[in-house]
>>> print(open('model.txt').read())   # compact mmCIF, N, CA and C atoms
# COMPACT_ATOMS: atom_id res chain seq x y z
N THR A 25 37.67 54.90 -133.27
CA THR A 25 37.78 55.26 -134.67
C THR A 25 39.24 55.53 -135.01
N GLY A 26 39.57 55.52 -136.24
CA GLY A 26 40.92 55.85 -136.68
C GLY A 26 41.98 54.98 -136.05
N SER A 27 43.02 55.62 -135.52
CA SER A 27 44.13 54.87 -134.91
C SER A 27 43.70 54.17 -133.63
N GLY A 28 42.57 54.56 -133.08
CA GLY A 28 42.07 53.89 -131.88
C GLY A 28 41.73 52.43 -132.14
N ILE A 29 41.33 52.11 -133.37
CA ILE A 29 41.00 50.73 -133.71
C ILE A 29 42.24 49.85 -133.57
N GLU A 30 43.37 50.30 -134.13
CA GLU A 30 44.62 49.53 -134.00
C GLU A 30 45.06 49.43 -132.54
N PHE A 31 44.87 50.51 -131.79
CA PHE A 31 45.25 50.51 -130.38
C PHE A 31 44.49 49.44 -129.61
N VAL A 32 43.18 49.37 -129.82
CA VAL A 32 42.36 48.40 -129.10
C VAL A 32 42.68 46.97 -129.56
N GLN A 33 42.95 46.79 -130.84
CA GLN A 33 43.35 45.47 -131.34
C GLN A 33 44.66 45.04 -130.70
N ALA A 34 45.59 45.97 -130.52
CA ALA A 34 46.87 45.65 -129.90
C ALA A 34 46.70 45.24 -128.44
N LEU A 35 45.64 45.70 -127.80
CA LEU A 35 45.36 45.30 -126.42
C LEU A 35 44.76 43.90 -126.35
N GLY A 36 44.40 43.34 -127.51
CA GLY A 36 43.88 41.98 -127.54
C GLY A 36 42.40 41.85 -127.81
N ALA A 37 41.75 42.90 -128.27
CA ALA A 37 40.31 42.84 -128.54
C ALA A 37 40.02 41.81 -129.63
N ASP A 38 39.01 40.98 -129.40
CA ASP A 38 38.57 40.02 -130.40
C ASP A 38 37.81 40.72 -131.52
N ARG A 39 37.10 41.77 -131.18
CA ARG A 39 36.25 42.49 -132.14
C ARG A 39 36.28 43.96 -131.75
N VAL A 40 36.45 44.84 -132.71
CA VAL A 40 36.46 46.28 -132.47
C VAL A 40 35.27 46.89 -133.18
N VAL A 41 34.53 47.75 -132.49
CA VAL A 41 33.34 48.38 -133.05
C VAL A 41 33.65 49.86 -133.29
N ASP A 42 33.46 50.30 -134.51
CA ASP A 42 33.58 51.72 -134.84
C ASP A 42 32.20 52.34 -134.60
N TYR A 43 32.08 53.12 -133.54
CA TYR A 43 30.78 53.65 -133.14
C TYR A 43 30.18 54.60 -134.16
N HIS A 44 30.96 55.00 -135.18
CA HIS A 44 30.40 55.83 -136.24
C HIS A 44 29.56 55.02 -137.23
N THR A 45 29.76 53.69 -137.23
CA THR A 45 29.05 52.85 -138.21
C THR A 45 28.05 51.89 -137.58
N GLU A 46 28.20 51.57 -136.29
CA GLU A 46 27.26 50.68 -135.61
C GLU A 46 27.37 50.87 -134.11
N THR A 47 26.31 50.50 -133.40
CA THR A 47 26.37 50.56 -131.94
C THR A 47 26.95 49.26 -131.42
N LEU A 48 27.44 49.29 -130.22
CA LEU A 48 27.98 48.09 -129.60
C LEU A 48 26.88 47.04 -129.44
N ALA A 49 25.70 47.48 -129.05
CA ALA A 49 24.58 46.54 -128.87
C ALA A 49 24.23 45.85 -130.19
N GLU A 50 24.34 46.56 -131.30
CA GLU A 50 24.07 45.97 -132.62
C GLU A 50 25.15 44.96 -133.01
N ALA A 51 26.38 45.23 -132.60
CA ALA A 51 27.52 44.41 -133.03
C ALA A 51 27.64 43.10 -132.26
N LEU A 52 27.12 43.07 -131.04
CA LEU A 52 27.31 41.89 -130.19
C LEU A 52 26.16 40.90 -130.31
N ALA A 53 26.52 39.64 -130.45
CA ALA A 53 25.51 38.58 -130.48
C ALA A 53 24.96 38.35 -129.08
N ALA A 54 23.81 37.73 -129.00
CA ALA A 54 23.21 37.38 -127.70
C ALA A 54 24.15 36.45 -126.94
N ASP A 55 24.25 36.69 -125.64
CA ASP A 55 25.07 35.85 -124.75
C ASP A 55 26.52 35.74 -125.20
N SER A 56 27.09 36.85 -125.68
CA SER A 56 28.45 36.80 -126.23
C SER A 56 29.52 37.44 -125.35
N VAL A 57 29.13 38.14 -124.27
CA VAL A 57 30.14 38.78 -123.42
C VAL A 57 29.87 38.47 -121.95
N ASP A 58 30.94 38.55 -121.16
CA ASP A 58 30.84 38.33 -119.73
C ASP A 58 30.64 39.62 -118.96
N ILE A 59 31.27 40.70 -119.44
CA ILE A 59 31.24 41.96 -118.69
C ILE A 59 31.05 43.12 -119.66
N VAL A 60 30.17 44.05 -119.28
CA VAL A 60 30.05 45.33 -119.97
C VAL A 60 30.41 46.39 -118.96
N LEU A 61 31.42 47.20 -119.28
CA LEU A 61 31.84 48.32 -118.44
C LEU A 61 31.41 49.59 -119.17
N ASP A 62 30.39 50.24 -118.64
CA ASP A 62 29.84 51.46 -119.24
C ASP A 62 30.41 52.66 -118.51
N ASN A 63 31.45 53.26 -119.09
CA ASN A 63 32.05 54.42 -118.43
C ASN A 63 31.48 55.74 -118.95
N LEU A 64 30.48 55.66 -119.84
CA LEU A 64 29.86 56.86 -120.36
C LEU A 64 28.52 57.15 -119.67
N GLY A 65 27.76 56.11 -119.38
CA GLY A 65 26.52 56.27 -118.62
C GLY A 65 25.39 56.93 -119.36
N ILE A 66 25.18 56.57 -120.62
CA ILE A 66 24.06 57.14 -121.38
C ILE A 66 22.79 56.36 -121.01
N PRO A 67 21.70 57.05 -120.65
CA PRO A 67 20.47 56.34 -120.30
C PRO A 67 20.04 55.37 -121.40
N GLY A 68 19.62 54.18 -120.98
CA GLY A 68 19.16 53.16 -121.91
C GLY A 68 20.22 52.16 -122.31
N THR A 69 21.49 52.45 -122.01
CA THR A 69 22.56 51.54 -122.41
C THR A 69 22.44 50.19 -121.72
N ALA A 70 22.11 50.18 -120.45
CA ALA A 70 22.00 48.91 -119.72
C ALA A 70 20.97 48.00 -120.36
N ASP A 71 19.81 48.54 -120.68
CA ASP A 71 18.78 47.72 -121.31
C ASP A 71 19.21 47.25 -122.69
N ALA A 72 19.88 48.12 -123.45
CA ALA A 72 20.33 47.75 -124.79
C ALA A 72 21.39 46.65 -124.75
N MET A 73 22.22 46.64 -123.72
CA MET A 73 23.31 45.68 -123.64
C MET A 73 22.93 44.35 -122.99
N MET A 74 21.83 44.31 -122.25
CA MET A 74 21.43 43.09 -121.53
C MET A 74 21.43 41.83 -122.39
N PRO A 75 20.88 41.86 -123.61
CA PRO A 75 20.86 40.61 -124.40
C PRO A 75 22.25 40.03 -124.66
N ALA A 76 23.27 40.87 -124.74
CA ALA A 76 24.62 40.40 -125.07
C ALA A 76 25.33 39.76 -123.88
N ILE A 77 24.90 40.05 -122.66
CA ILE A 77 25.61 39.58 -121.46
C ILE A 77 25.15 38.17 -121.11
N ARG A 78 26.13 37.28 -120.92
CA ARG A 78 25.84 35.90 -120.54
C ARG A 78 25.34 35.83 -119.09
N ALA A 79 24.56 34.82 -118.79
CA ALA A 79 24.19 34.55 -117.39
C ALA A 79 25.48 34.33 -116.61
N GLY A 80 25.56 34.92 -115.43
CA GLY A 80 26.79 34.88 -114.64
C GLY A 80 27.68 36.08 -114.92
N GLY A 81 27.31 36.91 -115.90
CA GLY A 81 28.09 38.09 -116.27
C GLY A 81 27.70 39.31 -115.45
N MET A 82 28.26 40.45 -115.85
CA MET A 82 28.04 41.66 -115.07
C MET A 82 27.95 42.88 -115.96
N TYR A 83 27.09 43.82 -115.56
CA TYR A 83 26.99 45.13 -116.17
C TYR A 83 27.45 46.14 -115.13
N LEU A 84 28.49 46.93 -115.45
CA LEU A 84 29.02 47.95 -114.57
C LEU A 84 28.80 49.31 -115.21
N VAL A 85 28.25 50.25 -114.47
CA VAL A 85 28.06 51.60 -115.01
C VAL A 85 28.71 52.61 -114.07
N LEU A 86 29.52 53.48 -114.64
CA LEU A 86 30.14 54.56 -113.90
C LEU A 86 29.13 55.69 -113.76
N LYS A 87 28.74 55.98 -112.53
CA LYS A 87 27.78 57.04 -112.29
C LYS A 87 28.43 58.38 -112.62
N GLY A 88 27.70 59.18 -113.35
CA GLY A 88 28.26 60.47 -113.75
C GLY A 88 27.16 61.43 -114.13
N GLY A 89 27.53 62.40 -114.94
CA GLY A 89 26.62 63.47 -115.29
C GLY A 89 25.60 63.14 -116.35
N ARG A 90 25.63 61.94 -116.94
CA ARG A 90 24.69 61.61 -118.01
C ARG A 90 23.48 60.82 -117.53
N ASN A 91 23.41 60.54 -116.24
CA ASN A 91 22.26 59.88 -115.62
C ASN A 91 22.03 58.44 -116.08
N GLY A 92 23.07 57.77 -116.53
CA GLY A 92 22.95 56.36 -116.86
C GLY A 92 22.74 55.55 -115.59
N THR A 93 22.02 54.45 -115.70
CA THR A 93 21.73 53.61 -114.55
C THR A 93 21.80 52.14 -114.96
N ILE A 94 21.67 51.29 -113.97
CA ILE A 94 21.54 49.87 -114.24
C ILE A 94 20.16 49.62 -114.85
N SER A 95 19.96 48.44 -115.39
CA SER A 95 18.72 48.11 -116.07
C SER A 95 17.58 47.89 -115.07
N ASN A 96 16.39 48.34 -115.43
CA ASN A 96 15.19 48.03 -114.65
C ASN A 96 14.67 46.64 -114.98
N HIS A 97 15.19 46.04 -116.04
CA HIS A 97 14.76 44.72 -116.50
C HIS A 97 15.99 43.85 -116.77
N PRO A 98 16.78 43.56 -115.73
CA PRO A 98 18.01 42.80 -115.97
C PRO A 98 17.72 41.37 -116.41
N LYS A 99 18.63 40.83 -117.17
CA LYS A 99 18.54 39.45 -117.61
C LYS A 99 18.80 38.56 -116.39
N PRO A 100 18.07 37.47 -116.25
CA PRO A 100 18.34 36.56 -115.12
C PRO A 100 19.79 36.10 -115.11
N GLY A 101 20.41 36.17 -113.96
CA GLY A 101 21.79 35.73 -113.80
C GLY A 101 22.84 36.78 -114.09
N VAL A 102 22.42 37.99 -114.49
CA VAL A 102 23.37 39.07 -114.75
C VAL A 102 23.40 40.00 -113.55
N ARG A 103 24.59 40.18 -112.98
CA ARG A 103 24.76 41.10 -111.86
C ARG A 103 24.95 42.51 -112.42
N GLN A 104 24.52 43.50 -111.65
CA GLN A 104 24.67 44.89 -112.05
C GLN A 104 25.31 45.67 -110.91
N LEU A 105 26.13 46.64 -111.29
CA LEU A 105 26.81 47.45 -110.29
C LEU A 105 26.96 48.87 -110.80
N GLU A 106 26.50 49.82 -110.00
CA GLU A 106 26.76 51.23 -110.26
C GLU A 106 27.97 51.59 -109.41
N PHE A 107 28.97 52.22 -110.02
CA PHE A 107 30.12 52.60 -109.23
C PHE A 107 30.52 54.03 -109.54
N GLY A 108 31.22 54.62 -108.61
CA GLY A 108 31.62 56.02 -108.72
C GLY A 108 31.80 56.58 -107.33
N ALA A 109 31.32 57.79 -107.13
CA ALA A 109 31.52 58.46 -105.85
C ALA A 109 30.89 57.72 -104.68
N ASN A 110 29.82 56.96 -104.90
CA ASN A 110 29.15 56.26 -103.82
C ASN A 110 29.47 54.77 -103.79
N THR A 111 30.58 54.38 -104.39
CA THR A 111 30.97 52.98 -104.42
C THR A 111 31.27 52.49 -103.01
N THR A 112 30.77 51.32 -102.68
CA THR A 112 30.99 50.76 -101.35
C THR A 112 32.20 49.83 -101.35
N ARG A 113 32.65 49.47 -100.16
CA ARG A 113 33.76 48.53 -100.06
C ARG A 113 33.36 47.19 -100.68
N ARG A 114 32.12 46.79 -100.52
CA ARG A 114 31.63 45.54 -101.12
C ARG A 114 31.75 45.58 -102.65
N ASP A 115 31.39 46.74 -103.23
CA ASP A 115 31.53 46.91 -104.68
C ASP A 115 32.98 46.76 -105.11
N LEU A 116 33.88 47.41 -104.38
CA LEU A 116 35.30 47.34 -104.72
C LEU A 116 35.85 45.92 -104.52
N ASP A 117 35.37 45.23 -103.48
CA ASP A 117 35.79 43.84 -103.27
C ASP A 117 35.36 42.96 -104.44
N GLU A 118 34.17 43.22 -104.97
CA GLU A 118 33.69 42.45 -106.11
C GLU A 118 34.55 42.71 -107.35
N LEU A 119 34.93 43.96 -107.57
CA LEU A 119 35.81 44.28 -108.69
C LEU A 119 37.19 43.65 -108.49
N ARG A 120 37.71 43.68 -107.26
CA ARG A 120 39.00 43.05 -106.97
C ARG A 120 38.96 41.57 -107.28
N GLU A 121 37.88 40.91 -106.91
CA GLU A 121 37.72 39.49 -107.19
C GLU A 121 37.75 39.23 -108.70
N MET A 122 37.11 40.11 -109.45
CA MET A 122 37.10 39.96 -110.91
C MET A 122 38.50 40.14 -111.49
N PHE A 123 39.28 41.08 -110.96
CA PHE A 123 40.67 41.24 -111.40
C PHE A 123 41.48 40.01 -111.04
N ASN A 124 41.32 39.53 -109.81
CA ASN A 124 42.07 38.37 -109.35
C ASN A 124 41.74 37.11 -110.15
N ASN A 125 40.51 37.00 -110.62
CA ASN A 125 40.09 35.84 -111.41
C ASN A 125 40.40 35.99 -112.90
N GLY A 126 40.98 37.13 -113.28
CA GLY A 126 41.33 37.35 -114.67
C GLY A 126 40.16 37.80 -115.54
N GLN A 127 39.02 38.13 -114.92
CA GLN A 127 37.86 38.59 -115.69
C GLN A 127 38.02 40.04 -116.14
N LEU A 128 38.79 40.83 -115.40
CA LEU A 128 39.12 42.20 -115.77
C LEU A 128 40.63 42.32 -115.82
N LYS A 129 41.13 43.08 -116.77
CA LYS A 129 42.57 43.28 -116.91
C LYS A 129 42.85 44.77 -117.01
N ALA A 130 43.95 45.18 -116.41
CA ALA A 130 44.37 46.58 -116.48
C ALA A 130 45.40 46.74 -117.58
N ALA A 131 45.29 47.82 -118.30
CA ALA A 131 46.29 48.17 -119.30
C ALA A 131 47.09 49.36 -118.78
N THR A 132 48.38 49.36 -119.01
CA THR A 132 49.22 50.45 -118.56
C THR A 132 49.02 51.65 -119.47
N MET A 133 48.78 52.79 -118.86
CA MET A 133 48.63 54.01 -119.63
C MET A 133 49.98 54.67 -119.78
N SER A 134 50.21 55.24 -120.93
CA SER A 134 51.48 55.88 -121.17
C SER A 134 51.24 57.18 -121.90
N PRO A 135 51.77 58.27 -121.47
CA PRO A 135 52.53 58.37 -120.24
C PRO A 135 51.62 58.50 -119.03
N THR A 136 52.21 58.37 -117.86
CA THR A 136 51.50 58.70 -116.62
C THR A 136 52.07 60.01 -116.09
N TYR A 137 51.34 60.62 -115.18
CA TYR A 137 51.73 61.93 -114.64
C TYR A 137 51.69 61.89 -113.12
N THR A 138 52.54 62.69 -112.50
CA THR A 138 52.52 62.85 -111.05
C THR A 138 51.50 63.94 -110.70
N LEU A 139 51.23 64.09 -109.41
CA LEU A 139 50.31 65.16 -108.99
C LEU A 139 50.80 66.53 -109.44
N GLU A 140 52.11 66.73 -109.38
CA GLU A 140 52.67 68.01 -109.79
C GLU A 140 52.51 68.26 -111.29
N GLN A 141 52.32 67.20 -112.07
CA GLN A 141 52.23 67.32 -113.53
C GLN A 141 50.79 67.35 -114.05
N ILE A 142 49.82 67.52 -113.16
CA ILE A 142 48.42 67.53 -113.58
C ILE A 142 48.14 68.61 -114.64
N PRO A 143 48.73 69.81 -114.55
CA PRO A 143 48.49 70.77 -115.64
C PRO A 143 48.93 70.23 -117.02
N GLN A 144 50.07 69.54 -117.07
CA GLN A 144 50.52 68.95 -118.33
C GLN A 144 49.58 67.84 -118.78
N ALA A 145 49.03 67.09 -117.82
CA ALA A 145 48.09 66.02 -118.17
C ALA A 145 46.83 66.61 -118.81
N PHE A 146 46.32 67.70 -118.26
CA PHE A 146 45.15 68.35 -118.85
C PHE A 146 45.46 68.86 -120.26
N THR A 147 46.64 69.42 -120.44
CA THR A 147 47.04 69.87 -121.77
C THR A 147 47.11 68.70 -122.73
N ARG A 148 47.65 67.59 -122.28
CA ARG A 148 47.78 66.40 -123.14
C ARG A 148 46.42 65.82 -123.52
N ILE A 149 45.47 65.77 -122.60
CA ILE A 149 44.17 65.15 -122.87
C ILE A 149 43.39 65.95 -123.92
N THR A 150 43.69 67.25 -124.05
CA THR A 150 42.99 68.04 -125.06
C THR A 150 43.59 67.88 -126.45
N ALA A 151 44.77 67.27 -126.54
CA ALA A 151 45.42 67.04 -127.83
C ALA A 151 44.85 65.79 -128.47
N SER A 152 45.04 65.65 -129.76
CA SER A 152 44.57 64.44 -130.43
C SER A 152 45.53 63.29 -130.17
N GLY A 153 45.04 62.09 -130.37
CA GLY A 153 45.89 60.91 -130.25
C GLY A 153 45.91 60.26 -128.89
N VAL A 154 45.13 60.75 -127.94
CA VAL A 154 45.06 60.12 -126.62
C VAL A 154 44.01 59.01 -126.70
N HIS A 155 44.42 57.80 -126.39
CA HIS A 155 43.50 56.66 -126.41
C HIS A 155 43.18 56.28 -124.97
N GLY A 156 41.93 56.31 -124.60
CA GLY A 156 41.56 55.99 -123.23
C GLY A 156 41.72 57.19 -122.34
N LYS A 157 42.20 56.95 -121.16
CA LYS A 157 42.34 58.00 -120.15
C LYS A 157 43.81 58.18 -119.81
N LEU A 158 44.14 59.29 -119.20
CA LEU A 158 45.49 59.53 -118.71
C LEU A 158 45.57 59.09 -117.26
N GLY A 159 46.73 58.63 -116.85
CA GLY A 159 46.92 58.15 -115.48
C GLY A 159 47.69 59.14 -114.63
N ILE A 160 47.19 59.36 -113.43
CA ILE A 160 47.87 60.18 -112.43
C ILE A 160 48.39 59.23 -111.36
N VAL A 161 49.70 59.24 -111.15
CA VAL A 161 50.32 58.34 -110.18
C VAL A 161 50.50 59.11 -108.88
N ILE A 162 49.93 58.57 -107.80
CA ILE A 162 50.04 59.19 -106.48
C ILE A 162 51.03 58.38 -105.67
N GLU A 163 52.09 59.02 -105.26
CA GLU A 163 53.14 58.31 -104.51
C GLU A 163 53.12 58.70 -103.06
>>> encode(input="model.txt", output="structure tokens")
Amino acid sequence: TGSGIEFVQALGADRVVDYHTETLAEALAADSVDIVLDNLGIPGTADAMMPAIRAGGMYLVLKGGRNGTISNHPKPGVRQLEFGANTTRRDLDELREMFNNGQLKAATMSPTYTLEQIPQAFTRITASGVHGKLGIVIE
């Protein structure tokens, strides 16, 4: 929402969804995306997003406190992956392959913080205007 829309467009988004006016599942046409990365993990999201994912695509859900899971009724040809604290080396290898093939892209976060600056990072994340997540650089 707000300035976040311009931020996401600057990253190269073809379409930006304002979640205050429509859901992502409502905005996407059938078979219109290759990858859904669910970093919120709300139950039911996997099933709602399945129609939008093309065969050969992937649904990724970050396991967390909201109990989101992969779909019990996945679309044929759609791979699913739960990742987080119990992520396996095989899961990470699959993500690496997707990065290497250009299916996933990393955006540089600015600013980044060192381990010693974690208190400042927490202060920054509570302020307005942070788009996405803050990065902690471990050297």
>>> select_by_dssp(input="model.txt", residues="chain A", states="strand (DSSP E)", output="CSV table (one decimal) with N, CA and C atoms, in the coordinates of the input")
chain,number,residue,atom,x,y,z
A,57,VAL,N,29.1,38.1,-124.3
A,57,VAL,CA,30.1,38.8,-123.4
A,57,VAL,C,29.9,38.5,-122.0
A,58,ASP,N,30.9,38.6,-121.2
A,58,ASP,CA,30.8,38.3,-119.7
A,58,ASP,C,30.6,39.6,-119.0
A,59,ILE,N,31.3,40.7,-119.4
A,59,ILE,CA,31.2,42.0,-118.7
A,59,ILE,C,31.0,43.1,-119.7
A,60,VAL,N,30.2,44.0,-119.3
A,60,VAL,CA,30.0,45.3,-120.0
A,60,VAL,C,30.4,46.4,-119.0
A,61,LEU,N,31.4,47.2,-119.3
A,61,LEU,CA,31.8,48.3,-118.4
A,61,LEU,C,31.4,49.6,-119.2
A,62,ASP,N,30.4,50.2,-118.6
A,62,ASP,CA,29.8,51.5,-119.2
A,62,ASP,C,30.4,52.7,-118.5
A,77,ILE,N,24.9,40.0,-122.7
A,77,ILE,CA,25.6,39.6,-121.5
A,77,ILE,C,25.2,38.2,-121.1
A,78,ARG,N,26.1,37.3,-120.9
A,78,ARG,CA,25.8,35.9,-120.5
A,78,ARG,C,25.3,35.8,-119.1
A,79,ALA,N,24.6,34.8,-118.8
A,79,ALA,CA,24.2,34.6,-117.4
A,79,ALA,C,25.5,34.3,-116.6
A,80,GLY,N,25.6,34.9,-115.4
A,80,GLY,CA,26.8,34.9,-114.6
A,80,GLY,C,27.7,36.1,-114.9
A,81,GLY,N,27.3,36.9,-115.9
A,81,GLY,CA,28.1,38.1,-116.3
A,81,GLY,C,27.7,39.3,-115.4
A,82,MET,N,28.3,40.4,-115.8
A,82,MET,CA,28.0,41.7,-115.1
A,82,MET,C,28.0,42.9,-116.0
A,83,TYR,N,27.1,43.8,-115.6
A,83,TYR,CA,27.0,45.1,-116.2
A,83,TYR,C,27.4,46.1,-115.1
A,84,LEU,N,28.5,46.9,-115.4
A,84,LEU,CA,29.0,48.0,-114.6
A,84,LEU,C,28.8,49.3,-115.2
A,85,VAL,N,28.2,50.2,-114.5
A,85,VAL,CA,28.1,51.6,-115.0
A,85,VAL,C,28.7,52.6,-114.1
A,86,LEU,N,29.5,53.5,-114.6
A,86,LEU,CA,30.1,54.6,-113.9
A,86,LEU,C,29.1,55.7,-113.8
A,103,ARG,N,24.6,40.2,-113.0
A,103,ARG,CA,24.8,41.1,-111.9
A,103,ARG,C,25.0,42.5,-112.4
A,104,GLN,N,24.5,43.5,-111.6
A,104,GLN,CA,24.7,44.9,-112.0
A,104,GLN,C,25.3,45.7,-110.9
A,105,LEU,N,26.1,46.6,-111.3
A,105,LEU,CA,26.8,47.4,-110.3
A,105,LEU,C,27.0,48.9,-110.8
A,106,GLU,N,26.5,49.8,-110.0
A,106,GLU,CA,26.8,51.2,-110.3
A,106,GLU,C,28.0,51.6,-109.4
A,107,PHE,N,29.0,52.2,-110.0
A,107,PHE,CA,30.1,52.6,-109.2
A,107,PHE,C,30.5,54.0,-109.5
A,136,THR,N,52.2,58.4,-117.9
A,136,THR,CA,51.5,58.7,-116.6
A,136,THR,C,52.1,60.0,-116.1
A,137,TYR,N,51.3,60.6,-115.2
A,137,TYR,CA,51.7,61.9,-114.6
A,137,TYR,C,51.7,61.9,-113.1
A,138,THR,N,52.5,62.7,-112.5
A,138,THR,CA,52.5,62.8,-111.0
A,138,THR,C,51.5,63.9,-110.7
A,159,GLY,N,46.7,58.6,-116.8
A,159,GLY,CA,46.9,58.2,-115.5
A,159,GLY,C,47.7,59.1,-114.6
A,160,ILE,N,47.2,59.4,-113.4
A,160,ILE,CA,47.9,60.2,-112.4
A,160,ILE,C,48.4,59.2,-111.4
A,161,VAL,N,49.7,59.2,-111.2
A,161,VAL,CA,50.3,58.3,-110.2
A,161,VAL,C,50.5,59.1,-108.9
>>> residues_around(input="model.txt", residues="Ile160 (chain A)", least_positions_apart="6", cutoff="10 Å", atoms="only C-alpha atoms", output="number ranges by chain")
A: 133, 135-142, 145
>>> select_by_dssp(input="model.txt", residues="chain A", states="helix (DSSP H, G or I)", output="number ranges by chain")
A: 27-34, 48-51, 69-76, 113-124, 139-149
>>> closest_atom_pairs(input="model.txt", of="region 99-128 of chain A", to="region 75-93 of chain A", cutoff="8 Å", atoms="only C-alpha atoms", output="CSV")
residue,atom,partner,partner_atom,distance
A:Lys99,CA,A:Pro75,CA,7.3
A:Pro100,CA,A:Ala79,CA,6.6
A:Gly101,CA,A:Ala79,CA,4.5
A:Val102,CA,A:Gly81,CA,5.1
A:Arg103,CA,A:Met82,CA,4.6
A:Gln104,CA,A:Tyr83,CA,4.7
A:Leu105,CA,A:Leu84,CA,4.8
A:Glu106,CA,A:Val85,CA,4.9
A:Phe107,CA,A:Leu86,CA,5.1
A:Gly108,CA,A:Lys87,CA,5.3
A:Ala109,CA,A:Lys87,CA,7.6
>>> atom_distance(input="model.txt", atom1="atom C of Gly68 (chain A)", atom2="atom C of Asp115 (chain A)")
22.1 Å
>>> residues_around(input="model.txt", residues="Ala72 (chain A)", least_positions_apart="5", cutoff="8 Å", atoms="all atoms listed in the file", output="count of residues only")
6
>>> residues_around(input="model.txt", residues="Asn96 (chain A)", least_positions_apart="2", cutoff="6.5 Å", atoms="only N, CA and C atoms", output="PyMOL selection string")
chain A and resi 71+94+98
>>> write_last_selection(input="model.txt", atoms="N, CA and C atoms", output="PDB file, keeping the file's coordinate frame")
ATOM      1  N   ASP A  71      19.810  48.540-120.680  1.00  0.00           N
ATOM      2  CA  ASP A  71      18.780  47.720-121.310  1.00  0.00           C
ATOM      3  C   ASP A  71      19.210  47.250-122.690  1.00  0.00           C
ATOM      4  N   ILE A  94      21.670  51.290-113.970  1.00  0.00           N
ATOM      5  CA  ILE A  94      21.540  49.870-114.240  1.00  0.00           C
ATOM      6  C   ILE A  94      20.160  49.620-114.850  1.00  0.00           C
ATOM      7  N   PRO A  98      16.780  43.560-115.730  1.00  0.00           N
ATOM      8  CA  PRO A  98      18.010  42.800-115.970  1.00  0.00           C
ATOM      9  C   PRO A  98      17.720  41.370-116.410  1.00  0.00           C
TER      10      PRO A  98
END
>>> decode(input="model.txt", residues="region 43-47 of chain A", atoms="all heavy atoms", output="PDB file, in the first residue's frame")
ATOM      1  N   TYR A  43      -3.490  -4.990  -1.114  1.00  0.00           N
ATOM      2  CA  TYR A  43      -4.265  -5.968  -0.348  1.00  0.00           C
ATOM      3  C   TYR A  43      -5.441  -5.351   0.394  1.00  0.00           C
ATOM      4  O   TYR A  43      -6.284  -6.066   0.913  1.00  0.00           O
ATOM      5  CB  TYR A  43      -3.373  -6.760   0.605  1.00  0.00           C
ATOM      6  CG  TYR A  43      -2.741  -5.942   1.707  1.00  0.00           C
ATOM      7  CD1 TYR A  43      -3.381  -5.774   2.933  1.00  0.00           C
ATOM      8  CD2 TYR A  43      -1.498  -5.346   1.537  1.00  0.00           C
ATOM      9  CE1 TYR A  43      -2.812  -5.037   3.946  1.00  0.00           C
ATOM     10  CE2 TYR A  43      -0.920  -4.592   2.549  1.00  0.00           C
ATOM     11  CZ  TYR A  43      -1.579  -4.446   3.742  1.00  0.00           C
ATOM     12  OH  TYR A  43      -1.009  -3.716   4.750  1.00  0.00           O
ATOM     13  N   HIS A  44      -5.523  -4.016   0.439  1.00  0.00           N
ATOM     14  CA  HIS A  44      -6.687  -3.377   1.046  1.00  0.00           C
ATOM     15  C   HIS A  44      -7.908  -3.405   0.127  1.00  0.00           C
ATOM     16  O   HIS A  44      -9.032  -3.223   0.574  1.00  0.00           O
ATOM     17  CB  HIS A  44      -6.385  -1.921   1.421  1.00  0.00           C
ATOM     18  CG  HIS A  44      -5.451  -1.790   2.583  1.00  0.00           C
ATOM     19  ND1 HIS A  44      -5.780  -2.183   3.850  1.00  0.00           N
ATOM     20  CD2 HIS A  44      -4.177  -1.326   2.655  1.00  0.00           C
ATOM     21  CE1 HIS A  44      -4.767  -1.961   4.661  1.00  0.00           C
ATOM     22  NE2 HIS A  44      -3.777  -1.442   3.963  1.00  0.00           N
ATOM     23  N   THR A  45      -7.671  -3.622  -1.181  1.00  0.00           N
ATOM     24  CA  THR A  45      -8.781  -3.580  -2.133  1.00  0.00           C
ATOM     25  C   THR A  45      -9.084  -4.925  -2.785  1.00  0.00           C
ATOM     26  O   THR A  45     -10.185  -5.118  -3.296  1.00  0.00           O
ATOM     27  CB  THR A  45      -8.508  -2.541  -3.237  1.00  0.00           C
ATOM     28  OG1 THR A  45      -7.308  -2.892  -3.932  1.00  0.00           O
ATOM     29  CG2 THR A  45      -8.365  -1.144  -2.646  1.00  0.00           C
ATOM     30  N   GLU A  46      -8.122  -5.849  -2.809  1.00  0.00           N
ATOM     31  CA  GLU A  46      -8.351  -7.172  -3.386  1.00  0.00           C
ATOM     32  C   GLU A  46      -7.314  -8.148  -2.853  1.00  0.00           C
ATOM     33  O   GLU A  46      -6.241  -7.750  -2.413  1.00  0.00           O
ATOM     34  CB  GLU A  46      -8.302  -7.134  -4.920  1.00  0.00           C
ATOM     35  CG  GLU A  46      -6.947  -6.738  -5.486  1.00  0.00           C
ATOM     36  CD  GLU A  46      -6.941  -6.614  -6.999  1.00  0.00           C
ATOM     37  OE1 GLU A  46      -7.690  -7.341  -7.671  1.00  0.00           O
ATOM     38  OE2 GLU A  46      -6.180  -5.784  -7.499  1.00  0.00           O
ATOM     39  N   THR A  47      -7.640  -9.429  -2.917  1.00  0.00           N
ATOM     40  CA  THR A  47      -6.663 -10.437  -2.508  1.00  0.00           C
ATOM     41  C   THR A  47      -5.802 -10.793  -3.709  1.00  0.00           C
ATOM     42  O   THR A  47      -6.196 -10.592  -4.868  1.00  0.00           O
ATOM     43  CB  THR A  47      -7.338 -11.721  -1.988  1.00  0.00           C
ATOM     44  OG1 THR A  47      -7.987 -12.375  -3.082  1.00  0.00           O
ATOM     45  CG2 THR A  47      -8.314 -11.419  -0.862  1.00  0.00           C
TER      46      THR A  47
END
